[in-house]
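Trainee: This is model23.cif, which holds mmCIF, C-alpha atoms:
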```cif
data_model
loop_
_atom_site.label_atom_id
_atom_site.label_comp_id
_atom_site.auth_asym_id
_atom_site.auth_seq_id
_atom_site.Cartn_x
_atom_site.Cartn_y
_atom_site.Cartn_z
CA ILE A 1 101.94 58.31 54.53
CA LYS A 2 98.47 56.86 54.23
CA MET A 3 97.08 56.15 50.77
CA SER A 4 93.45 55.48 50.01
CA SER A 5 92.29 53.29 47.16
CA THR A 6 88.98 52.59 45.52
CA SER A 7 89.51 48.88 45.09
CA ALA A 8 91.27 45.88 46.56
CA PHE A 9 93.21 45.58 43.29
CA ALA A 10 94.62 49.11 43.67
CA THR A 11 95.72 48.37 47.23
CA ALA A 12 97.48 45.18 46.14
CA ALA A 13 99.28 47.04 43.36
CA VAL A 14 100.77 49.47 45.87
CA GLU A 15 101.74 46.75 48.32
CA ASP A 16 103.43 44.72 45.58
CA GLU A 17 106.06 47.45 45.27
CA PHE A 18 107.47 46.36 48.63
CA TRP A 19 109.25 43.08 47.95
CA ALA A 20 112.54 41.26 48.32
CA LYS A 21 113.85 38.10 46.66
CA PRO A 22 116.71 35.88 47.82
CA MET A 23 119.68 35.55 45.49
CA ALA A 24 122.14 32.65 45.30
CA ALA A 25 125.63 33.48 46.60
CA LYS A 26 127.10 31.04 44.07
CA ASP A 27 125.83 33.26 41.22
CA GLY A 28 128.34 35.93 42.18
CA VAL A 29 128.15 39.66 42.85
CA THR A 30 126.03 42.04 40.80
CA VAL A 31 125.70 45.80 41.05
CA GLY A 32 122.36 46.64 42.66
CA MET A 33 122.21 43.56 44.90
CA THR A 34 121.60 44.09 48.60
CA LEU A 35 123.80 42.31 51.13
CA LEU A 36 122.28 41.44 54.50
CA GLY A 37 124.56 40.45 57.34
CA ASN A 38 124.32 36.78 58.29
CA PRO A 39 123.60 36.72 62.05
CA GLN A 40 125.53 33.47 62.35
CA VAL A 41 128.63 35.43 61.25
CA PHE A 42 128.16 38.91 62.70
CA GLY A 43 126.84 37.56 65.99
CA SER A 44 129.61 34.98 66.37
CA LYS A 45 132.37 35.45 68.95
CA GLY A 46 134.76 34.23 66.26
CA ALA A 47 133.77 36.90 63.73
CA GLU A 48 136.78 38.28 61.85
CA SER A 49 137.71 41.77 63.00
CA ALA A 50 138.41 42.89 59.41
CA ILE A 51 134.82 42.13 58.42
CA LEU A 52 133.40 43.81 61.52
CA ASN A 53 135.58 46.91 61.10
CA LYS A 54 134.53 47.31 57.47
CA VAL A 55 130.94 47.92 58.59
CA GLY A 56 131.85 50.01 61.63
CA LEU A 57 131.48 47.33 64.29
CA LYS A 58 134.12 47.07 67.02
CA MET A 59 132.84 43.72 68.27
CA PRO A 60 130.34 41.02 67.31
CA ILE A 61 126.68 41.94 67.69
CA PRO A 62 125.63 41.21 71.31
CA GLY A 63 123.37 38.32 72.19
CA SER A 64 119.70 38.42 73.21
CA ARG A 65 120.58 38.69 76.91
CA GLU A 66 122.30 42.03 76.31
CA LEU A 67 120.08 43.70 73.69
CA ASP A 68 116.51 43.30 72.46
CA ALA A 69 116.05 41.79 69.01
CA ASP A 70 115.19 45.03 67.19
CA SER A 71 118.28 46.78 68.57
CA ARG A 72 120.44 43.85 67.46
CA ALA A 73 118.78 43.83 64.01
CA ASN A 74 119.54 47.53 63.62
CA LEU A 75 123.24 46.71 64.12
CA MET A 76 123.13 44.00 61.44
CA PRO A 77 124.70 45.53 58.30
CA VAL A 78 122.58 46.04 55.19
CA ILE A 79 124.59 47.18 52.16
CA ILE A 80 123.66 47.86 48.55
CA VAL A 81 126.38 47.31 45.94
CA THR A 82 126.55 50.53 43.92
CA SER A 83 129.45 49.98 41.53
CA GLY A 84 132.40 47.79 40.65
CA SER A 85 133.35 44.61 38.83
CA GLU A 86 135.01 41.26 39.40
CA SER A 87 138.29 42.62 38.03
CA GLU A 88 138.32 45.84 40.11
CA GLY A 89 136.44 45.09 43.31
CA TYR A 90 133.22 46.66 44.52
CA MET A 91 131.80 49.65 46.35
CA GLY A 92 128.56 49.86 48.34
CA LEU A 93 126.53 51.93 50.78
CA MET A 94 125.30 50.88 54.19
CA LEU A 95 121.56 51.48 54.25
CA ASN A 96 120.85 51.36 57.97
CA ARG A 97 123.29 53.70 59.70
CA ARG A 98 122.29 57.26 60.63
CA THR A 99 124.97 59.83 61.41
CA GLY A 100 122.66 61.80 63.71
CA TYR A 101 122.98 64.82 61.42
CA LEU A 102 120.65 66.33 58.84
CA MET A 103 121.62 67.55 55.38
CA GLY A 104 121.19 71.10 56.66
CA ASP A 105 124.13 70.57 59.01
CA LEU A 106 126.51 70.39 56.04
CA GLU A 107 128.52 73.50 55.17
CA GLN A 108 127.31 73.64 51.57
CA ASP A 109 124.19 74.56 49.63
CA VAL A 110 121.70 71.73 50.22
CA SER A 111 118.52 73.72 49.56
CA GLY A 112 115.59 71.42 48.92
CA PHE A 113 116.98 68.77 51.25
CA MET A 114 117.66 70.61 54.51
CA ILE A 115 115.63 68.28 56.75
CA GLN A 116 116.69 64.99 55.16
CA PRO A 117 118.79 62.63 57.33
CA LEU A 118 122.45 62.15 56.49
CA ASN A 119 123.41 58.49 56.52
CA PHE A 120 126.72 56.81 57.23
CA GLY A 121 127.53 54.90 54.04
CA GLY A 122 130.55 53.07 55.43
CA THR A 123 133.98 53.43 56.98
CA GLN A 124 135.96 54.36 53.88
CA PRO A 125 136.34 57.36 51.55
CA PRO A 126 135.25 58.99 49.33
CA ALA A 127 133.73 61.41 51.80
CA ASP A 128 131.83 63.18 49.01
CA LEU A 129 128.06 63.20 49.25
CA SER A 130 126.32 60.38 47.41
CA PHE A 131 122.64 59.55 47.14
CA LEU A 132 120.04 57.02 46.04
CA HIS A 133 116.82 57.96 44.26
CA PRO A 134 114.27 56.77 41.65
CA TYR A 135 114.72 59.62 39.11
CA PRO A 136 116.40 58.84 35.75
CA GLU A 137 116.08 62.51 34.72
CA ILE A 138 118.85 63.53 37.11
CA GLY A 139 121.93 64.00 34.96
CA GLY A 140 124.88 61.70 35.57
CA SER A 141 122.91 59.21 37.66
CA THR A 142 123.51 55.49 37.20
CA GLN A 143 120.78 52.87 37.30
CA ILE A 144 121.66 50.04 39.65
CA GLY A 145 119.60 46.88 39.41
CA GLU A 146 116.43 46.45 37.38
CA ASP A 147 113.87 48.08 39.65
CA GLY A 148 114.48 51.72 38.73
CA LEU A 149 116.83 52.65 41.57
CA TYR A 150 119.51 55.20 40.68
CA TYR A 151 122.85 56.07 42.24
CA SER A 152 123.98 59.69 42.66
CA GLY A 153 124.19 62.10 39.72
CA ASN A 154 124.28 65.88 39.47
CA PHE A 155 123.22 67.24 42.86
CA LYS A 156 122.26 70.64 41.41
CA ASP A 157 119.94 68.85 38.96
CA ALA A 158 118.29 67.15 41.92
CA GLN A 159 117.87 70.47 43.73
CA MET A 160 116.35 72.10 40.64
CA LEU A 161 113.89 69.25 40.05
CA VAL A 162 112.79 69.28 43.69
CA GLU A 163 112.30 73.05 43.53
CA LYS A 164 110.14 72.61 40.42
CA GLY A 165 108.10 69.91 42.13
CA THR A 166 109.14 67.28 39.56
CA CYS A 167 110.89 65.19 42.22
CA SER A 168 110.09 64.63 45.91
CA GLN A 169 112.80 65.33 48.47
CA PHE A 170 111.45 62.40 50.46
CA LYS A 171 112.48 59.95 47.72
CA PHE A 172 116.20 60.62 48.25
CA ARG A 173 118.62 58.99 50.69
CA PHE A 174 121.93 60.74 51.30
CA PHE A 175 125.25 59.22 52.43
CA ILE A 176 128.80 60.14 53.34
CA GLN A 177 131.60 57.59 52.88
CA CYS A 178 131.10 54.05 51.62
CA VAL A 179 132.11 50.40 51.94
CA GLN A 180 134.86 49.16 49.60
CA TRP A 181 136.01 45.65 48.75
CA GLU A 182 139.27 44.93 46.96
CA LYS A 183 139.41 42.54 44.01
CA GLY A 184 138.16 39.09 45.10
CA GLU A 185 137.42 40.19 48.68
CA LEU A 186 133.63 40.27 48.46
CA GLU A 187 133.53 37.02 46.52
CA LYS A 188 135.46 35.31 49.33
CA GLN A 189 133.02 36.69 51.90
CA MET A 190 130.10 35.43 49.82
CA ALA A 191 131.67 31.96 49.63
CA LYS A 192 131.87 31.93 53.45
CA ASN A 193 128.16 32.88 53.74
CA THR A 194 129.04 36.18 55.39
CA TRP A 195 126.16 37.78 53.48
CA CYS A 196 122.59 36.90 52.56
CA PRO A 197 122.29 38.45 49.07
CA ALA A 198 118.91 39.70 47.87
CA GLN A 199 117.20 41.69 45.19
CA VAL A 200 115.19 44.39 46.96
CA SER A 201 112.62 46.79 45.53
CA LYS A 202 113.51 50.47 45.41
CA ASP A 203 110.48 51.27 47.57
CA VAL A 204 111.84 49.19 50.43
CA ILE A 205 115.28 50.79 50.13
CA LEU A 206 113.94 54.35 49.93
CA LYS A 207 111.22 53.90 52.55
CA ILE A 208 111.28 56.49 55.35
CA ARG A 209 111.69 54.65 58.64
CA GLU A 210 110.64 56.96 61.43
CA ARG A 211 109.20 56.32 64.87
CA GLU A 212 105.38 56.37 64.93
CA GLY A 213 104.50 57.68 68.38
CA SER A 214 105.94 55.20 70.85
CA ARG A 215 106.31 52.54 68.18
CA ARG A 216 109.78 52.01 66.75
CA PRO A 217 110.11 51.43 63.00
CA LYS A 218 110.78 47.88 61.84
CA PRO A 219 114.53 47.42 61.26
CA LEU A 220 115.50 47.33 57.59
CA TRP A 221 117.36 44.04 58.06
CA THR A 222 114.24 42.43 59.53
CA ASP A 223 111.96 43.92 56.88
CA VAL A 224 114.02 42.58 53.98
CA MET A 225 114.63 39.15 55.53
CA ASP A 226 110.91 38.72 56.22
CA LEU A 227 109.91 39.91 52.75
CA ALA A 228 112.41 37.54 51.14
CA GLY A 229 110.96 34.59 53.06
CA GLY A 230 112.21 31.04 52.73
CA ASN A 231 115.56 30.44 54.46
CA TYR A 232 115.91 34.18 55.03
CA GLY A 233 112.58 34.31 56.81
CA GLU A 234 113.62 31.36 58.97
CA LEU A 235 116.89 33.11 59.87
CA SER A 236 114.89 36.15 60.94
CA GLU A 237 112.50 34.04 63.02
CA ASP A 238 115.41 32.32 64.76
CA PHE A 239 117.02 35.72 65.38
CA TYR A 240 113.88 36.96 67.11
CA ALA A 241 113.11 33.71 68.97
#
```
Would you mind writing the file out in structure tokens?

Mentor:
Amino acid sequence: IKMSSTSAFATAAVEDEFWAKPMAAKDGVTVGMTLLGNPQVFGSKGAESAILNKVGLKMPIPGSRELDADSRANLMPVIIVTSGSESEGYMGLMLNRRTGYLMGDLEQDVSGFMIQPLNFGGTQPPADLSFLHPYPEIGGSTQIGEDGLYYSGNFKDAQMLVEKGTCSQFKFRFFIQCVQWEKGELEKQMAKNTWCPAQVSKDVILKIREREGSRRPKPLWTDVMDLAGGNYGELSEDFYA
């Protein structure tokens, strides 16, 4: 989507909505944080099978001799923590796995969202449909993080608001299944630097990533790591070197 502006200031204001900030693993887990797979873990031959299986990988991510960097980056898990607590464990959604199906392929009323991709949220139930969006007016939705991103809510409310033109169908991302961590499990993974935690703007998370002609979209993992900069940017550079 191309947007025109009448000033350099207006352009900057739009671009500033696309940002990511590193978070310190030692500060613990918070709902709304985004977890980016550490290539030194997920690309290691010694990667634990339990960690790989949790994100749908049967083996470590192949090296540069076997796959190009973008293809490898697309395999690197990117997960947003959607709910949970230190005493109960956590739940999240994988943000960069397509099922290959559209919402219209589901055997239920999905009017308003027929052509939207259906994403693979993880390897574990619940299998119920869940979604991310920026609309607080959807009943039953839960704000996650501080950037105005919301988790699920009443699907019929969403359909009604899209039909009225109040909400855009292109600002929703839909998922089946999820990633779950038992009590203390995610904290242990964080302590082992399995994840690069970050705060990521809702616009980056909800951005439509489609092929533009012959040009492939930038992988979400790469986009967030580069936006976060610092050590994360260096990890990304090394990954692509």

Trainee: Return the single residue from A:Lys45, A:Lys202, A:Lys54, A:Lys156 that is closest to Ile144 (chain A), with distances computed using only C-alpha atoms.

Mentor: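 For Ile144 (chain A), the nearest of the given residues is A:Lys202.
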
Trainee: Residues proximal to (125.1, 46.0, 59.9) were defined as those with any atom within 8 Å of that point in the file's coordinates, counting all atoms listed in the file. Which are they, as a PyMOL selection string?

Mentor: chain A and resi 36-37+55+57+73-79+94+96-97

Trainee: Taking all atoms listed in the file into account, which of A:Asp70, A:Glu17, A:Asp226, A:Asp128 comes nearest Ile176 (chain A)?

Mentor: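 Closest to Ile176 (chain A) of all the choices is A:Asp128.
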
Trainee: Mind giving me the straight-line distance from CA of Trp181 (chain A) to CA of Pro136 (chain A) in Å, one decimal?

Mentor: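 Between CA of Trp181 (chain A) and CA of Pro136 (chain A) the gap works out to 27.0 Å.
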
Trainee: Within 10 Å of Thr166 (chain A), counting only C-alpha atoms, which residues qualify if same-chain residues fewer than 4 places away don't, as JSON, numbers by chain?

Mentor: {"A": [135, 137, 158, 160, 161, 162]}

Trainee: Pick the closest to Lys218 (chain A) from A:Pro22, A:Cys178, A:Val204, A:Tyr232: which is it, counting all atoms listed in the file?

Mentor: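 Looking at the shortest contact to Lys218 (chain A), the residue is A:Val204.
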
Trainee: Dig up all the protein and nucleic acid residues within 12 Å of (116.5, 70.7, 50.9) in the file frame, using all atoms listed in the file, and format them as a ChimeraX atom specification.

Mentor: /A:102-106,108-118,155-156,158-163,167-174

Trainee: Please rebuild region 151-175 of chain A with N, CA, C and O atoms and return the result as a PDB file, in the coordinates of the input.

Mentor:
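Now in result.pdb:
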```pdb
ATOM      1  N   TYR A 151     121.764  55.702  41.338  1.00  0.00           N
ATOM      2  CA  TYR A 151     122.850  56.070  42.240  1.00  0.00           C
ATOM      3  C   TYR A 151     123.414  57.428  41.840  1.00  0.00           C
ATOM      4  O   TYR A 151     123.847  57.633  40.705  1.00  0.00           O
ATOM      5  N   SER A 152     123.377  58.370  42.791  1.00  0.00           N
ATOM      6  CA  SER A 152     123.980  59.690  42.660  1.00  0.00           C
ATOM      7  C   SER A 152     123.577  60.429  41.389  1.00  0.00           C
ATOM      8  O   SER A 152     122.446  60.317  40.927  1.00  0.00           O
ATOM      9  N   GLY A 153     124.505  61.224  40.831  1.00  0.00           N
ATOM     10  CA  GLY A 153     124.190  62.100  39.720  1.00  0.00           C
ATOM     11  C   GLY A 153     124.496  63.539  40.082  1.00  0.00           C
ATOM     12  O   GLY A 153     125.144  63.827  41.089  1.00  0.00           O
ATOM     13  N   ASN A 154     124.026  64.460  39.267  1.00  0.00           N
ATOM     14  CA  ASN A 154     124.280  65.880  39.470  1.00  0.00           C
ATOM     15  C   ASN A 154     123.384  66.408  40.580  1.00  0.00           C
ATOM     16  O   ASN A 154     122.159  66.476  40.432  1.00  0.00           O
ATOM     17  N   PHE A 155     123.991  66.799  41.700  1.00  0.00           N
ATOM     18  CA  PHE A 155     123.220  67.240  42.860  1.00  0.00           C
ATOM     19  C   PHE A 155     122.421  68.507  42.551  1.00  0.00           C
ATOM     20  O   PHE A 155     121.281  68.662  43.010  1.00  0.00           O
ATOM     21  N   LYS A 156     122.976  69.404  41.754  1.00  0.00           N
ATOM     22  CA  LYS A 156     122.260  70.640  41.410  1.00  0.00           C
ATOM     23  C   LYS A 156     121.027  70.318  40.561  1.00  0.00           C
ATOM     24  O   LYS A 156     119.993  70.995  40.673  1.00  0.00           O
ATOM     25  N   ASP A 157     121.120  69.305  39.713  1.00  0.00           N
ATOM     26  CA  ASP A 157     119.940  68.850  38.960  1.00  0.00           C
ATOM     27  C   ASP A 157     118.847  68.399  39.924  1.00  0.00           C
ATOM     28  O   ASP A 157     117.669  68.723  39.747  1.00  0.00           O
ATOM     29  N   ALA A 158     119.251  67.641  40.933  1.00  0.00           N
ATOM     30  CA  ALA A 158     118.290  67.150  41.920  1.00  0.00           C
ATOM     31  C   ALA A 158     117.623  68.317  42.646  1.00  0.00           C
ATOM     32  O   ALA A 158     116.394  68.331  42.840  1.00  0.00           O
ATOM     33  N   GLN A 159     118.422  69.300  43.050  1.00  0.00           N
ATOM     34  CA  GLN A 159     117.870  70.470  43.730  1.00  0.00           C
ATOM     35  C   GLN A 159     116.865  71.204  42.841  1.00  0.00           C
ATOM     36  O   GLN A 159     115.784  71.611  43.291  1.00  0.00           O
ATOM     37  N   MET A 160     117.214  71.375  41.578  1.00  0.00           N
ATOM     38  CA  MET A 160     116.350  72.100  40.640  1.00  0.00           C
ATOM     39  C   MET A 160     115.026  71.364  40.432  1.00  0.00           C
ATOM     40  O   MET A 160     113.948  71.977  40.424  1.00  0.00           O
ATOM     41  N   LEU A 161     115.085  70.036  40.294  1.00  0.00           N
ATOM     42  CA  LEU A 161     113.890  69.250  40.050  1.00  0.00           C
ATOM     43  C   LEU A 161     112.980  69.207  41.279  1.00  0.00           C
ATOM     44  O   LEU A 161     111.755  69.188  41.162  1.00  0.00           O
ATOM     45  N   VAL A 162     113.587  69.218  42.459  1.00  0.00           N
ATOM     46  CA  VAL A 162     112.790  69.280  43.690  1.00  0.00           C
ATOM     47  C   VAL A 162     112.110  70.646  43.804  1.00  0.00           C
ATOM     48  O   VAL A 162     110.938  70.750  44.168  1.00  0.00           O
ATOM     49  N   GLU A 163     112.856  71.689  43.474  1.00  0.00           N
ATOM     50  CA  GLU A 163     112.300  73.050  43.530  1.00  0.00           C
ATOM     51  C   GLU A 163     111.121  73.193  42.571  1.00  0.00           C
ATOM     52  O   GLU A 163     110.119  73.851  42.878  1.00  0.00           O
ATOM     53  N   LYS A 164     111.213  72.545  41.404  1.00  0.00           N
ATOM     54  CA  LYS A 164     110.140  72.610  40.420  1.00  0.00           C
ATOM     55  C   LYS A 164     108.950  71.733  40.800  1.00  0.00           C
ATOM     56  O   LYS A 164     107.867  71.861  40.222  1.00  0.00           O
ATOM     57  N   GLY A 165     109.159  70.828  41.739  1.00  0.00           N
ATOM     58  CA  GLY A 165     108.100  69.910  42.130  1.00  0.00           C
ATOM     59  C   GLY A 165     108.061  68.647  41.291  1.00  0.00           C
ATOM     60  O   GLY A 165     107.163  67.819  41.431  1.00  0.00           O
ATOM     61  N   THR A 166     109.063  68.486  40.408  1.00  0.00           N
ATOM     62  CA  THR A 166     109.140  67.280  39.560  1.00  0.00           C
ATOM     63  C   THR A 166     109.554  66.060  40.373  1.00  0.00           C
ATOM     64  O   THR A 166     109.119  64.936  40.093  1.00  0.00           O
ATOM     65  N   CYS A 167     110.406  66.268  41.356  1.00  0.00           N
ATOM     66  CA  CYS A 167     110.890  65.190  42.220  1.00  0.00           C
ATOM     67  C   CYS A 167     110.542  65.512  43.675  1.00  0.00           C
ATOM     68  O   CYS A 167     110.454  66.680  44.051  1.00  0.00           O
ATOM     69  N   SER A 168     110.367  64.458  44.477  1.00  0.00           N
ATOM     70  CA  SER A 168     110.090  64.630  45.910  1.00  0.00           C
ATOM     71  C   SER A 168     111.364  64.475  46.713  1.00  0.00           C
ATOM     72  O   SER A 168     112.105  63.497  46.537  1.00  0.00           O
ATOM     73  N   GLN A 169     111.610  65.430  47.621  1.00  0.00           N
ATOM     74  CA  GLN A 169     112.800  65.330  48.470  1.00  0.00           C
ATOM     75  C   GLN A 169     112.768  64.084  49.342  1.00  0.00           C
ATOM     76  O   GLN A 169     113.812  63.603  49.789  1.00  0.00           O
ATOM     77  N   PHE A 170     111.580  63.549  49.572  1.00  0.00           N
ATOM     78  CA  PHE A 170     111.450  62.400  50.460  1.00  0.00           C
ATOM     79  C   PHE A 170     111.759  61.067  49.753  1.00  0.00           C
ATOM     80  O   PHE A 170     111.679  60.008  50.358  1.00  0.00           O
ATOM     81  N   LYS A 171     112.104  61.143  48.467  1.00  0.00           N
ATOM     82  CA  LYS A 171     112.480  59.950  47.720  1.00  0.00           C
ATOM     83  C   LYS A 171     114.003  59.856  47.535  1.00  0.00           C
ATOM     84  O   LYS A 171     114.486  59.091  46.709  1.00  0.00           O
ATOM     85  N   PHE A 172     114.737  60.647  48.315  1.00  0.00           N
ATOM     86  CA  PHE A 172     116.200  60.620  48.250  1.00  0.00           C
ATOM     87  C   PHE A 172     116.760  60.113  49.578  1.00  0.00           C
ATOM     88  O   PHE A 172     116.217  60.409  50.642  1.00  0.00           O
ATOM     89  N   ARG A 173     117.866  59.368  49.495  1.00  0.00           N
ATOM     90  CA  ARG A 173     118.620  58.990  50.690  1.00  0.00           C
ATOM     91  C   ARG A 173     120.071  59.398  50.481  1.00  0.00           C
ATOM     92  O   ARG A 173     120.675  59.062  49.457  1.00  0.00           O
ATOM     93  N   PHE A 174     120.609  60.142  51.451  1.00  0.00           N
ATOM     94  CA  PHE A 174     121.930  60.740  51.300  1.00  0.00           C
ATOM     95  C   PHE A 174     122.955  60.051  52.221  1.00  0.00           C
ATOM     96  O   PHE A 174     122.637  59.662  53.344  1.00  0.00           O
ATOM     97  N   PHE A 175     124.201  59.964  51.727  1.00  0.00           N
ATOM     98  CA  PHE A 175     125.250  59.220  52.430  1.00  0.00           C
ATOM     99  C   PHE A 175     126.588  59.961  52.350  1.00  0.00           C
ATOM    100  O   PHE A 175     126.885  60.640  51.369  1.00  0.00           O
TER     101      PHE A 175
END
```
